[in-house]
Structures are given as structure tokens and as C-alpha cells.
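J.: Questions regarding the structure given below will be posed in turn.
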Amino acid sequence: MMKSAIKGVILIILAQLILLRCDAPRNNPLDSQNPKNAFVVLEGVVQTFSVPRHSIAEVKVLWENSGTMMATDKNGYFKFEEILPKNGWLNFEREGFHDDSVFIMWEQLDKVSIQRFLNAKPQLSELSVYSVVKTRSPSIKDFEVTLKAEITDPDADIDSVFWQVPDLGIDSSLRFNPDLNLYDLTFPTADYGLQFGEIVGHDFIVFVQDKFNKQIEVGRDQIERVILEDISVLNPANGSIVSSTPTFEWKKFTPGFSHSFIVDIRILNDDGFPEPFLEVADIPEGSQNYNLTTPLIAGDYVWALWAVDSFGNSIRSSFATFTVIE
């Protein structure tokens, strides 16, 4: 009888302890049922830097303190919920945009909401680098390089565009050409003390720097060929008098690669300076003459023949003179 009573007392005590345990305060800060839960919320929206603003989906958002990453939804929205209020970096990454980051300070807040604008990277639409050979006489040629880069930037914050050839230790800037709506430059190789053949097969790298001093490589290209085969015109020449629709003739040109011809016609102004007047392009290889169908006005002219390969490399003959009378 005594043993049964003792057992009963023990069971009552155990039951009371269990009840007390269930009603004990939840002091674990990571316990989701703890009214003083230490978890905080970090949320925000990512949009374009350019106006009007557009939400950016699929932005990778990284909370460095926990190594937690998520992607923004179609509305550019993100939300971290199970993180601790420890100051740290929030990073943003999305293809086509510059990486970005912001330092978050909680200051006893349990929720922080931010809005972030990503700066779009400039995009290269087209890049061409090619050699230009200009014949002044049978024994004298001028050698040049031309670069052309079509670059767009939705944020319109391009500060400068420049290029470099690390292999050759040369570099310079490109200027914006409003007539062609691109960045370009033509320079003599002699400016850098280079033999013309040295420029073949090296990377010309183009960079863009924006107004926030962010610099990015947008593309690279190489010069594939230098055309050194002689190209010569025959008629009209030596100031000959011709009709308003003359036939232009030149020596057979067989460099051994695909090419086309351009007839370059310039009129002499009152000061005797040749000004561009007419170009006839896409004359097929193998041709040795072209009959002009667009009448020329009366005046004194010079003309030259260009040969252009499939990469844009070109060579120009020396100029010949002729006169058109009424």
C-alpha cells in the first residue's frame, strides 16, 4: 500500500513538471514560435537605371552574411525572410548589367525595404578593323588602319571609347561620328613607328568607360590581310577631255582572293582641291572597265580605283585627271 502511494505521488510530480515545461518561455531566438524571434525581413525591387524604369527579372540577389541567394521575379521583387539582423552586403548580378551592391544596416529594424537601379552595360553591335593602302605613285604608298565600332547604351552614359593592341603596345581613343552614328578612327601606322605587316593577326580590343568610371571590354577584332598588289588605272588620264558619261578603264587586277572594285570620282573646286563627287561600288572582281551611267557636270576631275576584300581591307590606285566639258 505504501509503495502504491509513493508511485502515485511521483506520477503527479512528473505530470506537473511536463505541464510546466510546456508553458516555459521560448527563449531560443531561432524558434519560429518565439515572440521575440530574431529573424528579420530584407526585401526590395530591382529596376533599370534608364527612365522610364522597368522591372528586371532573374537578377541574382546574394545576402553575403548567410550565403543565401535568390532571383527576382517578373516584377523585379525579392524577399529574404530567415536571416539575422547582422549588417552586411547585398549583391546584385544580371547578364547585360553592371554588378551592383548595397551595404545594409539594420539599426534595430526588423524589416528593410530597398529599391535598386541597375546600370546596363554598353552593347557592341558591330566592330570592324581593316587596313587601308593608298598609292600616291608606283613607288610610294601610305598605310593606314581604320576602326569602326557601333555601340549602343540604353542608359546613354558613355563617357569615352578607346582601343588598344597589347601585343604591339599601342592604344588611342575613338571619336563619335554623328554622320555614321558610330565611333571610328583612321590613323597612319607610321604614327606608331610600325611596319605595315606588323598589324596583321593581333587583337584590337575596344573598351567603353561610362560617366561613373566603370570600364568594360565590348569586343575585339583582327586585321586579316594587307593588300600590297599594285592596282593601276588607265583611262581617262592625263587631263583628257571626255563626255559626261565616260568609261573608266584599269589594268587587270588578280590578287588571288575575293574582292570588288569602287570607282572614286572627285571634282576639283575653285582652289584646285579634290572634293568627293561620286562613288560607284560593288563592281565585280575580274572587271577591267565601268561605263558611267550617271552624267557628270562640266568641270575638272580626278579619279581612282579601289579594290576591297571580303574583310574590308582595301587598296587605292593613284589618282588620274580628266575634264568634262559641256
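Naming works like this for the C-alpha cells: A, B, ... for the chains as they're shown, residue 1 at the start of each chain, ligands 1 onward in shown order.
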Taking 4 positions as the minimum chain separation for residues in the same chain, which residues sit within 10 Å of Phe187 in chain A when counting only C-alpha atoms? Answer as a list in words.
T.: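 Counting only the stated atoms, we get Val132, Phe143, Glu144, Val145, Thr146, Leu147, Ser172, Asp191 and Tyr192 of chain A.
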J.: What is the CA of Pro166 in chain A to CA of Lys214 in chain A distance in Å?
T.: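 Taking CA of Pro166 in chain A as the start and CA of Lys214 in chain A as the end point, the length is 20.3 Å.
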J.: For range 250-259 of chain A, please output as a PDB file with C-alpha atoms, in the first residue's frame all residues within 8 Å (counting only C-alpha atoms; exclusion window: fewer than 2 positions along the same chain).
T.:
ATOM      1  CA  GLU A 229      49.434  44.058-105.052  1.00  0.00           C
ATOM      2  CA  ASP A 230      49.695  47.006-107.444  1.00  0.00           C
ATOM      3  CA  ILE A 231      46.433  48.465-108.736  1.00  0.00           C
ATOM      4  CA  SER A 232      46.559  50.930-111.644  1.00  0.00           C
ATOM      5  CA  VAL A 233      44.090  52.986-113.716  1.00  0.00           C
ATOM      6  CA  LEU A 234      44.385  53.526-117.479  1.00  0.00           C
ATOM      7  CA  ASN A 235      41.689  55.872-118.812  1.00  0.00           C
ATOM      8  CA  PHE A 248      36.699  54.109-116.741  1.00  0.00           C
ATOM      9  CA  PHE A 261      36.017  47.433-107.023  1.00  0.00           C
ATOM     10  CA  PRO A 284      32.621  42.671-109.511  1.00  0.00           C
ATOM     11  CA  GLU A 285      36.128  41.227-109.485  1.00  0.00           C
ATOM     12  CA  GLY A 286      37.560  40.442-112.883  1.00  0.00           C
ATOM     13  CA  SER A 287      36.165  43.691-114.312  1.00  0.00           C
ATOM     14  CA  GLN A 288      38.547  45.981-116.197  1.00  0.00           C
ATOM     15  CA  ASN A 289      36.175  48.827-117.020  1.00  0.00           C
ATOM     16  CA  LEU A 305      40.125  52.739-108.305  1.00  0.00           C
ATOM     17  CA  ALA A 307      39.919  47.114-104.508  1.00  0.00           C
ATOM     18  CA  VAL A 308      38.187  45.881-101.341  1.00  0.00           C
ATOM     19  CA  ASP A 309      38.372  42.321 -99.976  1.00  0.00           C
ATOM     20  CA  SER A 310      35.691  40.469 -98.001  1.00  0.00           C
TER      21      SER A 310
END
J.: Can you list, as JSON, numbers by chain, all residues belonging to range 53-288 of chain A that DSSP tags as strand (DSSP E)?
T.: {"A": [60, 61, 62, 63, 68, 69, 70, 71, 77, 78, 79, 80, 81, 82, 83, 88, 89, 90, 91, 92, 93, 100, 101, 102, 103, 104, 111, 112, 113, 114, 115, 116, 117, 118, 123, 124, 125, 126, 127, 128, 129, 130, 131, 132, 133, 134, 135, 136, 137, 140, 141, 142, 143, 144, 145, 146, 147, 148, 149, 150, 151, 152, 158, 159, 160, 161, 162, 163, 164, 165, 170, 171, 172, 173, 174, 175, 176, 177, 182, 183, 184, 185, 186, 187, 188, 204, 205, 206, 207, 208, 209, 210, 215, 216, 217, 218, 219, 220, 221, 233, 234, 235, 240, 241, 242, 247, 248, 249, 250, 259, 260, 261, 262, 263, 264, 265, 266, 267, 268, 274, 275, 276, 277, 278, 279, 280, 281, 282, 283, 284]}
J.: Would you compute the distance between CA of Lys141 in chain A and CA of Ser317 in chain A? Give it in Å to one decimal.
T.: 9.4 Å
J.: With only C-alpha atoms as the counted atoms, please give the residues lying no more than 10 Å from range 48-63 of chain A, apart from itself and same-chain residues fewer than 2 positions off, as an NGL selection string.
T.: :A and (42 or 45-46 or 65-80 or 83 or 88-95 or 97 or 99-101 or 104 or 116-120 or 153-157)
J.: Go ahead and write the residues just picked, C-alpha atoms, as a JSON list (two decimals), in the first residue's frame.
T.:
[["chain", "number", "residue", "atom", "x", "y", "z"],
["A", 42, "LEU", "CA", 15.01, 42.05, -46.26],
["A", 45, "VAL", "CA", 12.66, 45.80, -56.11],
["A", 46, "VAL", "CA", 15.28, 45.95, -58.87],
["A", 65, "ASN", "CA", 26.17, 37.07, -44.40],
["A", 66, "SER", "CA", 24.25, 33.83, -44.87],
["A", 67, "GLY", "CA", 25.31, 32.98, -48.43],
["A", 68, "THR", "CA", 21.62, 32.91, -49.37],
["A", 69, "MET", "CA", 20.81, 33.69, -52.99],
["A", 70, "MET", "CA", 17.56, 34.15, -54.87],
["A", 71, "ALA", "CA", 16.35, 35.59, -58.17],
["A", 72, "THR", "CA", 13.94, 38.49, -58.64],
["A", 73, "ASP", "CA", 10.51, 37.66, -60.03],
["A", 74, "LYS", "CA", 8.89, 39.18, -63.12],
["A", 75, "ASN", "CA", 8.22, 42.35, -61.12],
["A", 76, "GLY", "CA", 11.86, 42.64, -60.04],
["A", 77, "TYR", "CA", 10.87, 41.73, -56.45],
["A", 78, "PHE", "CA", 12.90, 39.69, -53.95],
["A", 79, "LYS", "CA", 12.45, 38.82, -50.26],
["A", 80, "PHE", "CA", 14.77, 37.24, -47.66],
["A", 83, "ILE", "CA", 18.09, 35.93, -41.93],
["A", 88, "GLY", "CA", 26.36, 43.25, -44.42],
["A", 89, "TRP", "CA", 26.45, 43.41, -48.21],
["A", 90, "LEU", "CA", 23.59, 42.67, -50.56],
["A", 91, "ASN", "CA", 24.88, 41.93, -54.09],
["A", 92, "PHE", "CA", 23.11, 42.06, -57.47],
["A", 93, "GLU", "CA", 24.15, 40.32, -60.68],
["A", 94, "ARG", "CA", 22.39, 40.08, -64.04],
["A", 95, "GLU", "CA", 23.71, 39.43, -67.54],
["A", 97, "PHE", "CA", 24.07, 44.85, -66.48],
["A", 99, "ASP", "CA", 27.19, 44.18, -60.97],
["A", 100, "ASP", "CA", 25.95, 46.24, -58.04],
["A", 101, "SER", "CA", 25.86, 46.07, -54.24],
["A", 104, "ILE", "CA", 22.56, 47.03, -45.29],
["A", 116, "ARG", "CA", 17.89, 49.34, -56.62],
["A", 117, "PHE", "CA", 18.60, 50.52, -60.17],
["A", 118, "LEU", "CA", 20.99, 48.50, -62.34],
["A", 119, "ASN", "CA", 23.14, 50.22, -64.95],
["A", 120, "ALA", "CA", 23.00, 48.45, -68.34],
["A", 153, "ASP", "CA", 23.84, 52.07, -74.38],
["A", 154, "PRO", "CA", 20.24, 52.31, -73.11],
["A", 155, "ASP", "CA", 21.41, 54.44, -70.17],
["A", 156, "ALA", "CA", 23.19, 56.90, -72.51],
["A", 157, "ASP", "CA", 26.08, 57.34, -70.10]]
J.: So how far away is CA of Ile241 in chain A from CA of Thr293 in chain A, in Å?
T.: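 Taking CA of Thr293 in chain A and CA of Ile241 in chain A, their separation equals 17.3 Å.
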J.: What residues in range 106-311 of chain A get the DSSP label helix (DSSP H, G or I)? Please answer as JSON, numbers by chain.
T.: {"A": [189, 190, 191, 192, 196, 197, 198, 199]}
J.: Counting only C-alpha atoms, which of A:Phe277, A:Trp306, A:Trp163, A:Phe176 gets nearest to Thr135 in chain A?
T.: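 Once distances to Thr135 in chain A are computed over only C-alpha atoms, the minimum belongs to A:Trp306.
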J.: Have a look at A:Ala149, A:Val112, A:Ile325, A:Ala38 and name the one nearest to Thr245 in chain A; count only C-alpha atoms.
T.: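 Looking at the shortest contact to Thr245 in chain A, the residue is A:Ile325.
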